[in-house]
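Before any comments, here is the structure.
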Amino acid sequence: MALYSDKVMDHFQNPRNVGKIEDADGIGEVGNAKCGDIMRMYIKVSDGVITDCKFNTFGCGSAIATSSMATELIKGKPIEEALELSNKAVVEALDGLPAYKLHCSVLAEEAVKAAVKDYYDKNGIAYDPEMFNNLEDCEHCHE
Ligand code: FES
């Protein structure tokens with residue numbers, strides 16, 4: 001069996017929603033200290049719905065494929081749904097990733113969460129800080 005699914009290869013070679021949103025409502029930047037990869041996620045929000053989403057990833061192919069898929073999964077969705085996006089859901093949507101590449105998908109989940117947190121912070125929207133606890137220490141992205 002090929003190491004990477006067709007979907008992973010497709011999203012790596014033709015990533016969707018690459019770029020920057022100049023007037024983004026939320027920007028999330030996360031990195032994995034171990035591999036040095038960095039992901040930046042931009043969201044536009046209107047009436048609680050993510051109307052647009054773009055990303056820039058300086059990282060491995062799996063990081064690019066997972067961030068591309070993450071943008072597809074949250075675009076047009078209510079912000080609460082984006083917050084529930086797990087790296088597992090991203091991996092499933094890509095028909096899997098090799099086990100040693102799963103940490104790359106964690107970066108995609110965290111980038112989405114960081115962008116939402118930034119949106120909440122900028123708009124004075126109250127939230128439970130527990131929701132974003134993992135972003136601070138980021139332990140699990142070093143697994
Ligand atoms: Fe760093 Fe994939 S190896 S995110």
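Letters A, B, ... mark the chains of the structure tokens in the order given; residue numbers begin at 1 per chain; ligand numbers begin at 1, in order shown.
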
If you take only C-alpha atoms and all ligand atoms and a cut-off of 8 Å, which residues of chain A touch ligand 1, and what are their nearest atom pairs and distances in Å to one decimal, in chain and number order, as a tab-separated table?
residue	atom	partner	partner_atom_place_in_ligand_line	distance
A:Gly31	CA	ligand 1	4 (S)	7.9
A:Asn32	CA	ligand 1	1 (Fe)	6.2
A:Lys34	CA	ligand 1	1 (Fe)	7.3
A:Cys35	CA	ligand 1	1 (Fe)	4.6
A:Gly36	CA	ligand 1	1 (Fe)	6.3
A:Asp37	CA	ligand 1	1 (Fe)	4.7
A:Ile38	CA	ligand 1	4 (S)	7.5
A:Gly59	CA	ligand 1	4 (S)	5.7
A:Cys60	CA	ligand 1	2 (Fe)	4.6
A:Gly61	CA	ligand 1	2 (Fe)	6.8
A:Ser62	CA	ligand 1	2 (Fe)	5.5
A:Ala63	CA	ligand 1	4 (S)	4.7
A:Lys101	CA	ligand 1	2 (Fe)	6.1
A:Leu102	CA	ligand 1	2 (Fe)	8.0
A:His103	CA	ligand 1	4 (S)	6.4
A:Cys104	CA	ligand 1	4 (S)	3.8
A:Ser105	CA	ligand 1	4 (S)	7.3
A:Leu107	CA	ligand 1	4 (S)	6.5

Can you write out the residues you just picked, keeping N, CA and C atoms, as a PDB file, in the first residue's frame?
ATOM      1  N   GLY A  31       3.215  26.240  16.035  1.00  0.00           N
ATOM      2  CA  GLY A  31       4.424  25.595  15.526  1.00  0.00           C
ATOM      3  C   GLY A  31       4.740  24.361  16.321  1.00  0.00           C
ATOM      4  N   ASN A  32       5.472  23.498  15.698  1.00  0.00           N
ATOM      5  CA  ASN A  32       5.945  22.312  16.397  1.00  0.00           C
ATOM      6  C   ASN A  32       7.440  22.513  16.640  1.00  0.00           C
ATOM      7  N   LYS A  34       9.669  20.663  17.709  1.00  0.00           N
ATOM      8  CA  LYS A  34      10.568  19.562  17.360  1.00  0.00           C
ATOM      9  C   LYS A  34      11.004  19.606  15.905  1.00  0.00           C
ATOM     10  N   CYS A  35      10.026  19.755  15.004  1.00  0.00           N
ATOM     11  CA  CYS A  35      10.377  19.736  13.581  1.00  0.00           C
ATOM     12  C   CYS A  35      10.559  21.148  13.026  1.00  0.00           C
ATOM     13  N   GLY A  36      10.101  22.145  13.773  1.00  0.00           N
ATOM     14  CA  GLY A  36      10.280  23.526  13.329  1.00  0.00           C
ATOM     15  C   GLY A  36       9.220  24.000  12.351  1.00  0.00           C
ATOM     16  N   ASP A  37       8.219  23.150  12.083  1.00  0.00           N
ATOM     17  CA  ASP A  37       7.189  23.545  11.126  1.00  0.00           C
ATOM     18  C   ASP A  37       6.225  24.565  11.737  1.00  0.00           C
ATOM     19  N   ILE A  38       5.772  25.474  10.892  1.00  0.00           N
ATOM     20  CA  ILE A  38       4.889  26.554  11.361  1.00  0.00           C
ATOM     21  C   ILE A  38       3.664  26.623  10.463  1.00  0.00           C
ATOM     22  N   GLY A  59       6.071  23.876   6.213  1.00  0.00           N
ATOM     23  CA  GLY A  59       6.276  22.601   6.869  1.00  0.00           C
ATOM     24  C   GLY A  59       6.220  21.436   5.908  1.00  0.00           C
ATOM     25  N   CYS A  60       6.092  20.274   6.490  1.00  0.00           N
ATOM     26  CA  CYS A  60       6.148  19.032   5.728  1.00  0.00           C
ATOM     27  C   CYS A  60       4.877  18.848   4.884  1.00  0.00           C
ATOM     28  N   GLY A  61       4.916  17.868   4.004  1.00  0.00           N
ATOM     29  CA  GLY A  61       3.778  17.597   3.134  1.00  0.00           C
ATOM     30  C   GLY A  61       2.507  17.274   3.902  1.00  0.00           C
ATOM     31  N   SER A  62       2.650  16.533   4.992  1.00  0.00           N
ATOM     32  CA  SER A  62       1.462  16.180   5.787  1.00  0.00           C
ATOM     33  C   SER A  62       0.891  17.409   6.475  1.00  0.00           C
ATOM     34  N   ALA A  63       1.753  18.321   6.881  1.00  0.00           N
ATOM     35  CA  ALA A  63       1.269  19.556   7.507  1.00  0.00           C
ATOM     36  C   ALA A  63       0.500  20.383   6.473  1.00  0.00           C
ATOM     37  N   LYS A 101       3.196  10.449  11.330  1.00  0.00           N
ATOM     38  CA  LYS A 101       2.872  11.765  10.767  1.00  0.00           C
ATOM     39  C   LYS A 101       1.618  12.370  11.421  1.00  0.00           C
ATOM     40  N   LEU A 102       1.071  11.666  12.392  1.00  0.00           N
ATOM     41  CA  LEU A 102      -0.161  12.165  13.007  1.00  0.00           C
ATOM     42  C   LEU A 102       0.042  13.505  13.701  1.00  0.00           C
ATOM     43  N   HIS A 103       1.239  13.720  14.232  1.00  0.00           N
ATOM     44  CA  HIS A 103       1.476  14.995  14.943  1.00  0.00           C
ATOM     45  C   HIS A 103       1.309  16.195  13.996  1.00  0.00           C
ATOM     46  N   CYS A 104       1.507  15.977  12.708  1.00  0.00           N
ATOM     47  CA  CYS A 104       1.352  17.074  11.742  1.00  0.00           C
ATOM     48  C   CYS A 104      -0.109  17.523  11.697  1.00  0.00           C
ATOM     49  N   SER A 105      -1.023  16.557  11.856  1.00  0.00           N
ATOM     50  CA  SER A 105      -2.446  16.910  11.825  1.00  0.00           C
ATOM     51  C   SER A 105      -2.852  17.651  13.098  1.00  0.00           C
ATOM     52  N   LEU A 107      -1.145  19.909  14.413  1.00  0.00           N
ATOM     53  CA  LEU A 107      -0.834  21.310  14.118  1.00  0.00           C
ATOM     54  C   LEU A 107      -2.027  21.988  13.423  1.00  0.00           C
TER      55      LEU A 107
END

Just list the residues in chain A DSSP gives helix (DSSP H, G or I) on the backbone, as a VMD selection string. chain A and resid 6 to 13 61 to 74 79 to 83 87 to 93 99 to 122 129 to 137 139 to 142

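DSSP secondary structure from the backbone places Gly26, Ile27, Gly28, Glu29, Val30, Gly31, Ile38, Met39, Arg40, Met41, Tyr42, Ile43, Lys44, Val45, Ser46, Val49, Ile50, Thr51, Asp52, Cys53, Lys54, Phe55, Asn56, Thr57 and Phe58 of chain A of chain A in strand (DSSP E).
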
Output C-alpha atoms for every residue in the selection just made, as a short mmCIF file (atom, residue, chain, number, x, y, z; two decimals), in the first residue's frame.
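Now in again-v8.cif:
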data_model
loop_
_atom_site.label_atom_id
_atom_site.label_comp_id
_atom_site.auth_asym_id
_atom_site.auth_seq_id
_atom_site.Cartn_x
_atom_site.Cartn_y
_atom_site.Cartn_z
CA GLY A 26 -8.82 35.86 13.45
CA ILE A 27 -5.26 34.66 12.86
CA GLY A 28 -3.76 31.63 14.51
CA GLU A 29 -0.13 30.70 14.39
CA VAL A 30 1.19 27.48 15.82
CA GLY A 31 4.42 25.60 15.53
CA ILE A 38 4.89 26.55 11.36
CA MET A 39 1.26 26.93 10.35
CA ARG A 40 -0.71 30.15 10.10
CA MET A 41 -4.48 30.11 9.72
CA TYR A 42 -6.68 33.09 8.78
CA ILE A 43 -10.45 33.20 9.25
CA LYS A 44 -13.21 35.61 8.26
CA VAL A 45 -16.29 35.41 10.44
CA SER A 46 -19.74 36.76 9.78
CA VAL A 49 -20.05 31.56 10.59
CA ILE A 50 -16.60 31.11 9.06
CA THR A 51 -17.13 32.62 5.64
CA ASP A 52 -13.52 32.34 4.49
CA CYS A 53 -10.38 30.61 5.59
CA LYS A 54 -6.84 30.57 4.26
CA PHE A 55 -3.55 29.17 5.45
CA ASN A 56 0.18 29.37 5.05
CA THR A 57 2.19 26.40 6.17
CA PHE A 58 5.95 26.26 6.27
#

With a distance cut-off of 8 Å and only C-alpha atoms, select the neighbouring residues of Ser86 of chain A, excluding the residue or stretch itself and same-chain residues fewer than 2 positions from it, and output the selection as a ChimeraX atom specification. /A:84,88-90,106,109

Which residue is closest to Ala108 of chain A? Choose from A:Ser5, A:Thr66, A:Asn134, A:Asn123 and count only C-alpha atoms.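 Smallest distance to Ala108 of chain A is found for A:Thr66.
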
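Atom CA of Pro98 of chain A is found 12.8 Å from atom CA of Met9 of chain A.
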
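Taking atom CA of Val8 of chain A and atom CA of Tyr119 of chain A as the two end points, the separation is 28.9 Å.
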
Rank nothing, just name the residue among A:Asp118, A:Glu80, A:Glu92, A:Asp47 nearest to Lys7 of chain A, using only C-alpha atoms.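 Using only C-alpha atoms, Lys7 of chain A sits closest to A:Glu92.
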
Go through A:Ala126, A:Gly48, A:Lys20, A:Ala65 one by one, measure the shortest atom-to-atom distance of each to Asp95 of chain A using only C-alpha atoms, and give the residue with the smallest value.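 Smallest separation from Asp95 of chain A among the options: A:Ala65.
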
Please provide as JSON, numbers by chain all residues within 9 Å of Leu85 of chain A, with the sequence filter that same-chain residues fewer than 5 positions apart are discarded (counting only C-alpha atoms). {"A": [70, 73, 74, 90, 109, 112, 113]}

Write out, as a compact mmCIF listing (two decimals), in the first residue's frame, the residues just selected, with C-alpha atoms.
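What landed in selection_27.txt:
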# COMPACT_ATOMS: atom_id res chain seq x y z
CA ALA A 70 -8.84 21.68 7.72
CA LEU A 73 -13.76 21.35 6.70
CA ILE A 74 -14.36 24.61 8.56
CA VAL A 90 -8.90 15.84 9.48
CA GLU A 109 -6.31 21.38 14.67
CA VAL A 112 -7.84 26.46 13.70
CA LYS A 113 -8.28 26.77 17.47

For atom CA of Thr71 of chain A and atom CA of Lys117 of chain A, the interatomic separation in Å (one decimal):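 Interatomic distance, atom CA of Thr71 of chain A to atom CA of Lys117 of chain A: 16.1 Å.
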